[in-house]
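Novice: Structure supplied as target06.cif; contents: mmCIF, C-alpha atoms and all ligand atoms.
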data_work
loop_
_atom_site.group_PDB
_atom_site.id
_atom_site.type_symbol
_atom_site.label_atom_id
_atom_site.label_comp_id
_atom_site.auth_asym_id
_atom_site.auth_seq_id
_atom_site.Cartn_x
_atom_site.Cartn_y
_atom_site.Cartn_z
ATOM 1 C CA MET A 1 -3.380 -21.134 12.753
ATOM 2 C CA THR A 2 -6.263 -20.085 10.469
ATOM 3 C CA VAL A 3 -6.421 -17.402 7.793
ATOM 4 C CA ILE A 4 -9.688 -15.458 7.902
ATOM 5 C CA ALA A 5 -10.628 -12.924 5.233
ATOM 6 C CA THR A 6 -13.306 -10.502 4.214
ATOM 7 C CA GLY A 7 -14.144 -9.757 0.586
ATOM 8 C CA SER A 8 -11.770 -6.781 0.496
ATOM 9 C CA SER A 9 -8.774 -8.870 -0.578
ATOM 10 C CA LEU A 10 -9.925 -12.434 -1.074
ATOM 11 C CA GLY A 11 -7.439 -13.264 -3.835
ATOM 12 C CA LEU A 12 -4.461 -12.196 -1.759
ATOM 13 C CA ALA A 13 -5.868 -13.891 1.374
ATOM 14 C CA ALA A 14 -6.304 -17.155 -0.553
ATOM 15 C CA LYS A 15 -2.700 -16.963 -1.793
ATOM 16 C CA LEU A 16 -1.505 -16.210 1.732
ATOM 17 C CA ALA A 17 -3.410 -19.207 3.134
ATOM 18 C CA ARG A 18 -1.924 -21.425 0.405
ATOM 19 C CA THR A 19 1.604 -20.135 1.057
ATOM 20 C CA LEU A 20 1.181 -20.794 4.799
ATOM 21 C CA SER A 21 -0.525 -24.175 4.073
ATOM 22 C CA GLN A 22 -3.519 -23.120 6.184
ATOM 23 C CA ASP A 23 -7.290 -23.160 5.730
ATOM 24 C CA LEU A 24 -9.114 -20.026 4.646
ATOM 25 C CA ILE A 25 -12.345 -18.975 6.334
ATOM 26 C CA ILE A 26 -14.429 -16.280 4.671
ATOM 27 C CA ILE A 27 -16.244 -13.787 6.860
ATOM 28 C CA GLU A 28 -19.923 -13.166 6.069
ATOM 29 C CA GLU A 29 -20.627 -9.485 5.379
ATOM 30 C CA LYS A 30 -23.744 -7.452 4.767
ATOM 31 C CA SER A 31 -25.104 -3.919 5.106
ATOM 32 C CA PHE A 32 -28.315 -3.114 6.928
ATOM 33 C CA PRO A 33 -30.914 -1.020 5.061
ATOM 34 C CA ASP A 34 -29.689 2.120 6.866
ATOM 35 C CA GLY A 35 -26.098 1.488 5.762
ATOM 36 C CA GLU A 36 -24.674 0.022 8.971
ATOM 37 C CA LYS A 37 -22.254 -2.882 8.515
ATOM 38 C CA TYR A 38 -22.529 -6.452 9.770
ATOM 39 C CA VAL A 39 -19.916 -9.214 9.798
ATOM 40 C CA ARG A 40 -19.995 -12.775 11.098
ATOM 41 C CA VAL A 41 -17.331 -15.437 11.466
ATOM 42 C CA PRO A 42 -19.161 -18.580 10.268
ATOM 43 C CA GLN A 43 -17.384 -21.115 12.515
ATOM 44 C CA LYS A 44 -15.407 -21.491 15.725
ATOM 45 C CA ILE A 45 -11.696 -20.636 15.445
ATOM 46 C CA LYS A 46 -9.030 -22.774 17.121
ATOM 47 C CA GLY A 47 -5.563 -21.319 17.785
ATOM 48 C CA LYS A 48 -4.170 -18.181 16.220
ATOM 49 C CA ALA A 49 -6.107 -16.229 13.599
ATOM 50 C CA ILE A 50 -4.635 -14.242 10.720
ATOM 51 C CA LEU A 51 -7.300 -11.723 9.753
ATOM 52 C CA VAL A 52 -6.767 -10.242 6.260
ATOM 53 C CA HIS A 53 -8.684 -7.098 5.338
ATOM 54 C CA SER A 54 -7.548 -4.269 3.070
ATOM 55 C CA THR A 55 -8.920 -0.739 3.595
ATOM 56 C CA HIS A 56 -9.014 0.531 0.022
ATOM 57 C CA PRO A 57 -11.993 2.639 -1.167
ATOM 58 C CA PRO A 58 -14.609 2.849 0.255
ATOM 59 C CA GLN A 59 -12.088 3.305 3.071
ATOM 60 C CA ASP A 60 -14.496 4.402 5.789
ATOM 61 C CA GLU A 61 -16.821 1.425 5.319
ATOM 62 C CA ARG A 62 -13.909 -0.974 5.164
ATOM 63 C CA PHE A 63 -12.417 0.503 8.314
ATOM 64 C CA ILE A 64 -15.625 -0.102 10.274
ATOM 65 C CA GLN A 65 -15.794 -3.656 8.867
ATOM 66 C CA LEU A 66 -12.228 -4.215 10.036
ATOM 67 C CA LEU A 67 -12.990 -3.109 13.593
ATOM 68 C CA LEU A 68 -16.087 -5.346 13.684
ATOM 69 C CA ALA A 69 -14.174 -8.268 12.175
ATOM 70 C CA ILE A 70 -11.383 -8.022 14.771
ATOM 71 C CA ASP A 71 -13.964 -8.221 17.561
ATOM 72 C CA ALA A 72 -15.841 -11.069 15.866
ATOM 73 C CA VAL A 73 -12.679 -13.143 15.286
ATOM 74 C CA LYS A 74 -11.472 -12.557 18.814
ATOM 75 C CA ASN A 75 -14.796 -13.777 20.211
ATOM 76 C CA SER A 76 -14.934 -16.856 17.979
ATOM 77 C CA GLY A 77 -12.242 -18.604 19.988
ATOM 78 C CA ALA A 78 -8.999 -17.278 18.456
ATOM 79 C CA SER A 79 -6.159 -17.306 20.965
ATOM 80 C CA LYS A 80 -4.518 -14.378 19.177
ATOM 81 C CA VAL A 81 -5.564 -12.126 16.274
ATOM 82 C CA VAL A 82 -2.854 -11.043 13.857
ATOM 83 C CA VAL A 83 -4.396 -8.247 11.798
ATOM 84 C CA VAL A 84 -3.049 -8.041 8.237
ATOM 85 C CA VAL A 85 -4.063 -4.855 6.423
ATOM 86 C CA PRO A 86 -2.416 -4.988 2.966
ATOM 87 C CA TYR A 87 -3.389 -1.384 2.180
ATOM 88 C CA LEU A 88 -3.713 0.868 5.215
ATOM 89 C CA ALA A 89 -5.862 3.907 4.445
ATOM 90 C CA TYR A 90 -5.348 7.279 6.125
ATOM 91 C CA ALA A 91 -1.588 6.663 6.428
ATOM 92 C CA ARG A 92 -0.664 9.811 4.485
ATOM 93 C CA GLN A 93 -2.076 12.087 7.184
ATOM 94 C CA ASP A 94 0.758 11.150 9.526
ATOM 95 C CA LYS A 95 1.196 14.605 11.055
ATOM 96 C CA ARG A 96 -0.638 17.874 11.585
ATOM 97 C CA PHE A 97 0.426 19.610 8.378
ATOM 98 C CA MET A 98 -1.815 22.549 9.297
ATOM 99 C CA GLU A 99 -3.146 23.701 12.637
ATOM 100 C CA GLY A 100 -6.455 22.079 13.553
ATOM 101 C CA GLU A 101 -5.881 18.844 11.600
ATOM 102 C CA PRO A 102 -6.005 15.325 13.102
ATOM 103 C CA ILE A 103 -3.187 12.792 12.903
ATOM 104 C CA SER A 104 -5.463 10.358 11.085
ATOM 105 C CA ILE A 105 -3.115 7.390 11.072
ATOM 106 C CA GLY A 106 -2.765 7.641 14.860
ATOM 107 C CA VAL A 107 -6.538 7.434 15.301
ATOM 108 C CA ILE A 108 -6.767 4.449 12.936
ATOM 109 C CA LEU A 109 -3.963 2.449 14.547
ATOM 110 C CA ARG A 110 -5.094 3.099 18.108
ATOM 111 C CA SER A 111 -8.619 1.959 17.176
ATOM 112 C CA LEU A 112 -7.333 -1.355 15.818
ATOM 113 C CA GLN A 113 -5.667 -2.030 19.128
ATOM 114 C CA VAL A 114 -8.770 -1.089 21.107
ATOM 115 C CA ALA A 115 -10.830 -3.470 18.920
ATOM 116 C CA GLY A 116 -8.526 -6.331 19.973
ATOM 117 C CA ALA A 117 -5.620 -6.679 17.503
ATOM 118 C CA ASP A 118 -2.757 -8.616 19.115
ATOM 119 C CA ALA A 119 -0.265 -8.015 16.296
ATOM 120 C CA PHE A 120 -0.328 -5.944 13.126
ATOM 121 C CA ILE A 121 1.145 -6.341 9.640
ATOM 122 C CA THR A 122 0.804 -3.977 6.720
ATOM 123 C CA VAL A 123 2.522 -3.409 3.374
ATOM 124 C CA ASP A 124 4.593 -0.367 2.419
ATOM 125 C CA VAL A 125 2.890 2.026 4.805
ATOM 126 C CA HIS A 126 3.391 5.663 3.814
ATOM 127 C CA ASN A 127 5.533 6.454 6.855
ATOM 128 C CA PRO A 128 6.827 3.325 8.637
ATOM 129 C CA SER A 129 7.610 5.268 11.823
ATOM 130 C CA SER A 130 3.834 5.781 12.295
ATOM 131 C CA LEU A 131 3.609 2.125 13.344
ATOM 132 C CA ASP A 132 6.241 2.530 16.066
ATOM 133 C CA GLU A 133 4.674 5.770 17.172
ATOM 134 C CA TRP A 134 1.073 4.591 17.538
ATOM 135 C CA LEU A 135 1.137 0.834 18.192
ATOM 136 C CA ASN A 136 2.280 -0.971 21.288
ATOM 137 C CA ILE A 137 1.597 -4.444 19.911
ATOM 138 C CA PRO A 138 4.122 -6.330 17.708
ATOM 139 C CA HIS A 139 4.013 -4.926 14.174
ATOM 140 C CA LEU A 140 5.726 -5.264 10.799
ATOM 141 C CA ASN A 141 5.802 -3.272 7.577
ATOM 142 C CA VAL A 142 6.405 -5.481 4.538
ATOM 143 C CA LEU A 143 8.227 -3.917 1.573
ATOM 144 C CA PRO A 144 7.705 -5.647 -1.797
ATOM 145 C CA ILE A 145 11.068 -4.455 -3.128
ATOM 146 C CA VAL A 146 12.325 -7.872 -4.275
ATOM 147 C CA GLN A 147 9.029 -8.628 -6.026
ATOM 148 C CA LEU A 148 8.985 -5.245 -7.836
ATOM 149 C CA ALA A 149 12.622 -5.627 -8.899
ATOM 150 C CA GLU A 150 12.025 -9.202 -10.097
ATOM 151 C CA TYR A 151 9.174 -8.024 -12.321
ATOM 152 C CA PHE A 152 11.398 -5.584 -14.207
ATOM 153 C CA LYS A 153 14.645 -7.605 -14.153
ATOM 154 C CA GLY A 154 16.162 -7.884 -17.615
ATOM 155 C CA THR A 155 13.402 -5.862 -19.318
ATOM 156 C CA LEU A 156 14.824 -2.327 -19.098
ATOM 157 C CA HIS A 157 17.339 -0.603 -21.388
ATOM 158 C CA GLN A 158 19.824 1.625 -19.506
ATOM 159 C CA PRO A 159 17.507 1.679 -16.477
ATOM 160 C CA LEU A 160 17.109 4.648 -14.168
ATOM 161 C CA VAL A 161 14.872 4.153 -11.137
ATOM 162 C CA LEU A 162 13.229 7.396 -10.140
ATOM 163 C CA ALA A 163 11.373 8.420 -6.978
ATOM 164 C CA PRO A 164 8.752 11.118 -7.599
ATOM 165 C CA ASP A 165 9.777 12.887 -4.383
ATOM 166 C CA LYS A 166 12.555 12.756 -1.818
ATOM 167 C CA GLY A 167 10.416 10.799 0.664
ATOM 168 C CA ALA A 168 10.217 7.890 -1.791
ATOM 169 C CA ILE A 169 13.968 7.646 -2.447
ATOM 170 C CA HIS A 170 14.530 4.615 -0.157
ATOM 171 C CA ARG A 171 12.230 2.514 -2.384
ATOM 172 C CA ALA A 172 13.911 3.660 -5.620
ATOM 173 C CA ARG A 173 17.383 3.058 -4.178
ATOM 174 C CA ALA A 174 16.555 -0.476 -2.977
ATOM 175 C CA ILE A 175 15.023 -1.480 -6.333
ATOM 176 C CA ALA A 176 17.913 0.122 -8.260
ATOM 177 C CA GLU A 177 20.424 -1.872 -6.207
ATOM 178 C CA LEU A 178 18.674 -5.133 -7.101
ATOM 179 C CA LEU A 179 18.459 -4.138 -10.779
ATOM 180 C CA LYS A 180 22.063 -2.853 -10.763
ATOM 181 C CA ALA A 181 20.651 0.424 -12.088
ATOM 182 C CA SER A 182 21.137 4.072 -11.197
ATOM 183 C CA TYR A 183 18.526 6.001 -9.199
ATOM 184 C CA ASP A 184 17.486 9.558 -8.471
ATOM 185 C CA TYR A 185 14.515 11.553 -7.189
ATOM 186 C CA LEU A 186 12.408 14.490 -8.303
ATOM 187 C CA GLU A 187 11.549 17.502 -6.164
ATOM 188 C CA LYS A 188 7.764 17.504 -5.759
ATOM 189 C CA ARG A 189 5.774 20.267 -4.084
ATOM 190 C CA ARG A 190 2.133 20.008 -3.023
ATOM 191 C CA ASP A 191 0.126 23.085 -2.106
ATOM 192 C CA ARG A 192 -1.406 22.073 1.239
ATOM 193 C CA THR A 193 -4.565 24.113 0.636
ATOM 194 C CA THR A 194 -5.359 23.490 -3.039
ATOM 195 C CA GLY A 195 -3.611 20.099 -3.314
ATOM 196 C CA GLU A 196 -1.955 21.336 -6.530
ATOM 197 C CA LEU A 197 1.265 19.545 -7.480
ATOM 198 C CA SER A 198 4.375 20.910 -9.149
ATOM 199 C CA LEU A 199 7.900 19.682 -9.861
ATOM 200 C CA LEU A 200 10.887 21.877 -9.142
ATOM 201 C CA PRO A 201 13.495 22.040 -11.924
ATOM 202 C CA LYS A 202 16.160 19.358 -11.507
ATOM 203 C CA ASN A 203 18.869 18.175 -13.828
ATOM 204 C CA ILE A 204 18.563 14.402 -14.232
ATOM 205 C CA GLU A 205 20.217 12.615 -17.164
ATOM 206 C CA VAL A 206 17.415 10.554 -18.788
ATOM 207 C CA GLU A 207 18.282 10.790 -22.503
ATOM 208 C CA GLY A 208 17.709 7.388 -24.189
ATOM 209 C CA LYS A 209 17.016 5.632 -20.873
ATOM 210 C CA ASP A 210 14.182 3.441 -19.656
ATOM 211 C CA VAL A 211 12.930 5.271 -16.579
ATOM 212 C CA LEU A 212 11.119 3.287 -13.892
ATOM 213 C CA ILE A 213 9.180 5.629 -11.615
ATOM 214 C CA VAL A 214 8.344 3.984 -8.292
ATOM 215 C CA ASP A 215 5.974 5.278 -5.618
ATOM 216 C CA ASP A 216 4.030 3.826 -2.700
ATOM 217 C CA ILE A 217 0.594 4.867 -3.980
ATOM 218 C CA ILE A 218 -1.002 5.811 -7.281
ATOM 219 C CA SER A 219 -4.172 7.602 -6.253
ATOM 220 C CA THR A 220 -5.254 10.192 -8.844
ATOM 221 C CA GLY A 221 -2.090 9.501 -10.860
ATOM 222 C CA SER A 222 -1.158 13.194 -10.837
ATOM 223 C CA THR A 223 2.236 12.642 -9.196
ATOM 224 C CA LEU A 224 3.319 9.975 -11.667
ATOM 225 C CA MET A 225 1.822 11.845 -14.628
ATOM 226 C CA LEU A 226 3.885 14.949 -13.820
ATOM 227 C CA ALA A 227 7.010 12.859 -13.333
ATOM 228 C CA ALA A 228 6.441 10.881 -16.561
ATOM 229 C CA LYS A 229 5.835 14.002 -18.642
ATOM 230 C CA SER A 230 8.956 15.628 -17.274
ATOM 231 C CA VAL A 231 11.296 12.698 -18.058
ATOM 232 C CA LEU A 232 9.772 12.077 -21.488
ATOM 233 C CA MET A 233 10.197 15.781 -22.309
ATOM 234 C CA ASN A 234 13.852 15.431 -21.353
ATOM 235 C CA GLY A 235 14.425 12.559 -23.796
ATOM 236 C CA ALA A 236 13.702 9.363 -21.834
ATOM 237 C CA LYS A 237 13.183 6.374 -24.166
ATOM 238 C CA ARG A 238 10.316 4.798 -22.209
ATOM 239 C CA VAL A 239 8.635 5.361 -18.855
ATOM 240 C CA HIS A 240 7.352 2.549 -16.647
ATOM 241 C CA ALA A 241 5.298 3.212 -13.527
ATOM 242 C CA ALA A 242 5.319 0.934 -10.505
ATOM 243 C CA CYS A 243 3.654 1.264 -7.140
ATOM 244 C CA THR A 244 2.671 -0.877 -4.197
ATOM 245 C CA HIS A 245 -0.918 0.354 -3.839
ATOM 246 C CA ALA A 246 -2.960 1.143 -6.965
ATOM 247 C CA ILE A 247 -5.950 3.112 -5.710
ATOM 248 C CA LEU A 248 -6.565 4.447 -9.231
ATOM 249 C CA ALA A 249 -9.030 7.242 -8.415
ATOM 250 C CA SER A 250 -10.113 9.914 -10.938
ATOM 251 C CA SER A 251 -9.269 7.986 -14.157
ATOM 252 C CA ALA A 252 -5.656 7.621 -13.052
ATOM 253 C CA LEU A 253 -4.897 4.895 -15.606
ATOM 254 C CA ASP A 254 -6.127 7.005 -18.574
ATOM 255 C CA LYS A 255 -4.137 9.940 -17.257
ATOM 256 C CA LEU A 256 -0.935 7.891 -17.090
ATOM 257 C CA TYR A 257 -1.299 6.154 -20.465
ATOM 258 C CA ASN A 258 -2.138 9.534 -22.061
ATOM 259 C CA ALA A 259 1.011 10.981 -20.513
ATOM 260 C CA GLY A 260 3.035 8.317 -22.376
ATOM 261 C CA VAL A 261 3.638 5.729 -19.623
ATOM 262 C CA SER A 262 4.172 2.333 -21.312
ATOM 263 C CA ASP A 263 3.511 0.013 -18.387
ATOM 264 C CA ILE A 264 1.769 0.393 -15.019
ATOM 265 C CA VAL A 265 2.475 -2.256 -12.435
ATOM 266 C CA ALA A 266 1.230 -2.653 -8.876
ATOM 267 C CA THR A 267 0.954 -5.327 -6.211
ATOM 268 C CA ASP A 268 -2.241 -7.052 -5.077
ATOM 269 C CA THR A 269 -2.683 -5.077 -1.822
ATOM 270 C CA ILE A 270 -5.599 -3.490 -3.704
ATOM 271 C CA PRO A 271 -7.165 -5.673 -6.400
ATOM 272 C CA SER A 272 -6.922 -3.821 -9.759
ATOM 273 C CA PRO A 273 -6.089 -4.492 -13.411
ATOM 274 C CA THR A 274 -2.523 -3.418 -12.569
ATOM 275 C CA SER A 275 -2.065 -6.001 -9.760
ATOM 276 C CA LYS A 276 0.636 -8.009 -11.512
ATOM 277 C CA ILE A 277 2.774 -8.737 -8.449
ATOM 278 C CA SER A 278 1.702 -10.606 -5.310
ATOM 279 C CA VAL A 279 2.756 -9.748 -1.782
ATOM 280 C CA ALA A 280 1.552 -13.147 -0.485
ATOM 281 C CA GLU A 281 5.055 -14.494 0.025
ATOM 282 C CA PRO A 282 6.543 -11.549 1.965
ATOM 283 C CA LEU A 283 3.317 -11.410 4.009
ATOM 284 C CA ALA A 284 3.608 -15.117 4.810
ATOM 285 C CA ASN A 285 7.210 -14.549 5.946
ATOM 286 C CA ALA A 286 6.052 -11.656 8.126
ATOM 287 C CA VAL A 287 3.264 -13.762 9.685
ATOM 288 C CA SER A 288 5.715 -16.604 10.417
ATOM 289 C CA SER A 289 8.198 -14.234 12.023
ATOM 290 C CA LEU A 290 5.545 -12.700 14.312
ATOM 291 C CA LEU A 291 4.113 -16.023 15.559
HETATM 292 C C1 LIG B 301 2.387 11.076 -1.440
HETATM 293 O O1 LIG B 301 3.234 11.546 -0.679
HETATM 294 C C2 LIG B 301 2.403 9.665 -1.893
HETATM 295 O O2 LIG B 301 3.651 9.066 -1.681
HETATM 296 C C3 LIG B 301 2.029 9.546 -3.364
HETATM 297 O O3 LIG B 301 3.010 10.180 -4.145
HETATM 298 C C4 LIG B 301 0.690 10.164 -3.617
HETATM 299 O O4 LIG B 301 -0.246 9.712 -2.694
HETATM 300 C C5 LIG B 301 0.215 9.867 -5.023
HETATM 301 O O5 LIG B 301 -1.025 10.498 -5.186
HETATM 302 P P1 LIG B 301 -1.553 10.903 -6.606
HETATM 303 O O6 LIG B 301 -1.522 9.681 -7.471
HETATM 304 O O7 LIG B 301 -2.948 11.406 -6.363
HETATM 305 O O8 LIG B 301 -0.668 11.986 -7.121
#
Reformat the file's structure so that it appears as structure tokens.

Specialist:
Amino acid sequence: MTVIATGSSLGLAAKLARTLSQDLIIIEEKSFPDGEKYVRVPQKIKGKAILVHSTHPPQDERFIQLLLAIDAVKNSGASKVVVVVPYLAYARQDKRFMEGEPISIGVILRSLQVAGADAFITVDVHNPSSLDEWLNIPHLNVLPIVQLAEYFKGTLHQPLVLAPDKGAIHRARAIAELLKASYDYLEKRRDRTTGELSLLPKNIEVEGKDVLIVDDIISTGSTLMLAAKSVLMNGAKRVHAACTHAILASSALDKLYNAGVSDIVATDTIPSPTSKISVAEPLANAVSSLL
């Protein structure tokens, strides 16, 4: 088995290779003067290949690189290509919310299969049932619940784990169980046309508590900012923000610190200053269970 990585998540790929006690091969990448992408696997591959490539911004470029890399690895002698995409872009468009829209995640997943993926692993995909719906190769969705809980263990006073919307409650519940804390969720609404967010009134007891808000993604930070402001206004002692994927678009970090969040923690599916937790170990377990 060999771990092969592009530059999109080299740190995580190196940790994964170390955890699996395997060599790491780095794919050569360049752009042509007109913007087209080029990748090259610098040596022959023997046995199974674990290709690690995250599709964080610029998502479109990274997606094309991923398709090219799958083909290149497959044709460099690998008997099987396990595609590991720590952050899978386009996963939030998992249905046609409005007439005329695509199901973006379906297009992305089907393309990976057409390019030659033999198995697929990702981390905390927005809607795990998308994988079952669109892939007919073996696949796994890794949840970094234990790692997130470990990070906060013993550091919170009267902890309440909060999901910013109902769809994120499973994550909050699982972390709360490990922390022996209570959990709840907020009622978030997003205007499908303007993208504007609002929170519906909800009575949650936060007075004097350390509130840990947990989501899958921090993109612009608007969701967590709204949630943080609301719990601080209702008397929370401190607010901590945790997510799996820190995209951090549109000055998200400034927005969150200005809203009064004391700590922002994410995993290394997207390299960022908030990547304080590694998913290398759960990914290594997932790889071992698929091979
Ligand atoms: C949406 O359903 C996701 O789970 C996140 O809550 C959302 O993507 C966060 O985006 P933003 O940081 O831009 O509010």

Novice: Which residues are near ligand LIG 301 (chain B) in this structure, taking near to mean any atom at most 10 Å from a ligand atom and counting all atoms listed in the file? Format them as a PyMOL selection string.

Specialist: chain A and resi 91-93+125-127+163-168+188-190+195-197+214-227+243+245-250+252+256

Novice: Fewer than 2 positions away in the same chain doesn't count, so skip those; otherwise give me all residues within 7 Å of Val161 of chain A, counting only C-alpha atoms, as a list in words.

Specialist: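 Surrounding residues, per the criterion: Pro159, Ala163, Ala172, Ala176, Ala181, Ser182, Tyr183, Asp184, Val211, Leu212 and Ile213 of chain A.
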
Novice: Could you work out how far atom CA of Gly47 of chain A lies from atom CA of Leu131 of chain A, giving the answer in Å with one decimal?

Specialist: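 Rounded to one decimal, the two atoms are 25.6 Å apart.
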
Novice: Could you jot down the atom CA of Lys237 of chain A to atom CA of Phe152 of chain A separation for me, Å, one decimal place?

Specialist: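 Answer for the atom CA of Lys237 of chain A to atom CA of Phe152 of chain A separation: 15.7 Å.
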
Novice: With the cut-off set at 12 Å and counting only C-alpha atoms, tabulate each residue of segment 38-145 of chain A with an atom at most that distance from an atom of segment 270-287 of chain A, showing the nearest atom pair and its distance in Å to one decimal, ordered by chain and increasing number, as JSON lines.

Specialist:
{"residue": "A:Lys48", "atom": "CA", "partner": "A:Val287", "partner_atom": "CA", "distance": 10.8}
{"residue": "A:Ala49", "atom": "CA", "partner": "A:Val287", "partner_atom": "CA", "distance": 10.5}
{"residue": "A:Ile50", "atom": "CA", "partner": "A:Val287", "partner_atom": "CA", "distance": 8.0}
{"residue": "A:Leu51", "atom": "CA", "partner": "A:Val287", "partner_atom": "CA", "distance": 10.8}
{"residue": "A:Val52", "atom": "CA", "partner": "A:Leu283", "partner_atom": "CA", "distance": 10.4}
{"residue": "A:His53", "atom": "CA", "partner": "A:Ile270", "partner_atom": "CA", "distance": 10.2}
{"residue": "A:Ser54", "atom": "CA", "partner": "A:Ile270", "partner_atom": "CA", "distance": 7.1}
{"residue": "A:Thr55", "atom": "CA", "partner": "A:Ile270", "partner_atom": "CA", "distance": 8.5}
{"residue": "A:His56", "atom": "CA", "partner": "A:Ile270", "partner_atom": "CA", "distance": 6.5}
{"residue": "A:Pro57", "atom": "CA", "partner": "A:Ile270", "partner_atom": "CA", "distance": 9.2}
{"residue": "A:Pro58", "atom": "CA", "partner": "A:Ile270", "partner_atom": "CA", "distance": 11.7}
{"residue": "A:Gln59", "atom": "CA", "partner": "A:Ile270", "partner_atom": "CA", "distance": 11.6}
{"residue": "A:Val81", "atom": "CA", "partner": "A:Val287", "partner_atom": "CA", "distance": 11.1}
{"residue": "A:Val82", "atom": "CA", "partner": "A:Val287", "partner_atom": "CA", "distance": 7.9}
{"residue": "A:Val83", "atom": "CA", "partner": "A:Val287", "partner_atom": "CA", "distance": 9.7}
{"residue": "A:Val84", "atom": "CA", "partner": "A:Leu283", "partner_atom": "CA", "distance": 8.4}
{"residue": "A:Val85", "atom": "CA", "partner": "A:Leu283", "partner_atom": "CA", "distance": 10.2}
{"residue": "A:Pro86", "atom": "CA", "partner": "A:Ile270", "partner_atom": "CA", "distance": 7.5}
{"residue": "A:Tyr87", "atom": "CA", "partner": "A:Ile270", "partner_atom": "CA", "distance": 6.6}
{"residue": "A:Leu88", "atom": "CA", "partner": "A:Ile270", "partner_atom": "CA", "distance": 10.1}
{"residue": "A:Ala89", "atom": "CA", "partner": "A:Ile270", "partner_atom": "CA", "distance": 11.0}
{"residue": "A:Ala119", "atom": "CA", "partner": "A:Val287", "partner_atom": "CA", "distance": 9.4}
{"residue": "A:Phe120", "atom": "CA", "partner": "A:Val287", "partner_atom": "CA", "distance": 9.3}
{"residue": "A:Ile121", "atom": "CA", "partner": "A:Ala286", "partner_atom": "CA", "distance": 7.4}
{"residue": "A:Thr122", "atom": "CA", "partner": "A:Leu283", "partner_atom": "CA", "distance": 8.3}
{"residue": "A:Val123", "atom": "CA", "partner": "A:Leu283", "partner_atom": "CA", "distance": 8.1}
{"residue": "A:Asp124", "atom": "CA", "partner": "A:Val279", "partner_atom": "CA", "distance": 10.4}
{"residue": "A:Pro138", "atom": "CA", "partner": "A:Val287", "partner_atom": "CA", "distance": 11.0}
{"residue": "A:His139", "atom": "CA", "partner": "A:Ala286", "partner_atom": "CA", "distance": 9.3}
{"residue": "A:Leu140", "atom": "CA", "partner": "A:Ala286", "partner_atom": "CA", "distance": 6.9}
{"residue": "A:Asn141", "atom": "CA", "partner": "A:Ala286", "partner_atom": "CA", "distance": 8.4}
{"residue": "A:Val142", "atom": "CA", "partner": "A:Pro282", "partner_atom": "CA", "distance": 6.6}
{"residue": "A:Leu143", "atom": "CA", "partner": "A:Pro282", "partner_atom": "CA", "distance": 7.8}
{"residue": "A:Pro144", "atom": "CA", "partner": "A:Val279", "partner_atom": "CA", "distance": 6.4}
{"residue": "A:Ile145", "atom": "CA", "partner": "A:Pro282", "partner_atom": "CA", "distance": 9.8}

Novice: Take atom CA of Ala13 of chain A and atom CA of Val114 of chain A and report the distance between them in Å, one decimal.

Specialist: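 So the answer is 23.7 Å.
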
Novice: On this structure, the PyMOL selection byres (((chain A and resi 240) around 8) and not hetatm) would catch which residues? List them as an mmCIF file with C-alpha atoms, in the coordinates of the input, sorted by chain and number.

Specialist:
data_model
loop_
_atom_site.group_PDB
_atom_site.id
_atom_site.type_symbol
_atom_site.label_atom_id
_atom_site.label_comp_id
_atom_site.auth_asym_id
_atom_site.auth_seq_id
_atom_site.Cartn_x
_atom_site.Cartn_y
_atom_site.Cartn_z
ATOM 1 C CA ASP A 210 14.182 3.441 -19.656
ATOM 2 C CA VAL A 211 12.930 5.271 -16.579
ATOM 3 C CA LEU A 212 11.119 3.287 -13.892
ATOM 4 C CA ILE A 213 9.180 5.629 -11.615
ATOM 5 C CA ARG A 238 10.316 4.798 -22.209
ATOM 6 C CA VAL A 239 8.635 5.361 -18.855
ATOM 7 C CA ALA A 241 5.298 3.212 -13.527
ATOM 8 C CA ALA A 242 5.319 0.934 -10.505
ATOM 9 C CA VAL A 261 3.638 5.729 -19.623
ATOM 10 C CA SER A 262 4.172 2.333 -21.312
ATOM 11 C CA ASP A 263 3.511 0.013 -18.387
ATOM 12 C CA ILE A 264 1.769 0.393 -15.019
#

Novice: Which of these, A:Gly235, A:Gly7, A:Pro128, A:Gly260, has the shortest distance to Ile26 of chain A once you count all atoms listed in the file?

Specialist: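 Closest candidate: A:Gly7.
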
Novice: For a quick check of understanding, using only C-alpha atoms, which of A:Thr2, A:Glu207, A:Gly35, A:Glu101 has the smallest distance to Ser21 of chain A?

Specialist: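 Using only C-alpha atoms, the shortest distance to Ser21 of chain A belongs to A:Thr2.
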
Novice: For Tyr38 of chain A, which residue among A:Lys15, A:Gln22, A:Thr6, A:Glu150 is the nearest when counting all atoms listed in the file?

Specialist: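 Comparing A:Lys15, A:Gln22, A:Thr6, A:Glu150 against Tyr38 of chain A, the winner is A:Thr6.
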
Novice: In terms of the shortest atom-to-atom distance over only C-alpha atoms, which of A:Leu160, A:Val3, A:Leu16, A:Ala236 is closest to Val73 of chain A?

Specialist: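 Checking each candidate against Val73 of chain A, we get A:Val3 as the closest.
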
Novice: Got a sec to resolve the PyMOL selection byres (((chain A and resi 67) around 9) and not hetatm) on this structure and send the residues as an MDAnalysis selection string?

Specialist: chainID A and resid 62:66 68:72 111:112 114:116

Novice: Mind checking which residues fall within 6 Å of Arg40 of chain A, counting all atoms listed in the file, ignoring those fewer than 2 positions away in the same chain, and posting them as JSON, numbers by chain?

Specialist: {"A": [27, 28, 42]}

Novice: Report, as lines of an AutoDock Vina configuration file, the axis-aligned box around all atoms of segment 136-139 of chain A present in the file, extended by 6 Å on each side; give centre and edge lengths in Å to one decimal place.

Specialist:
center_x = 2.9
center_y = -3.7
center_z = 17.7
size_x = 14.5
size_y = 17.4
size_z = 19.1
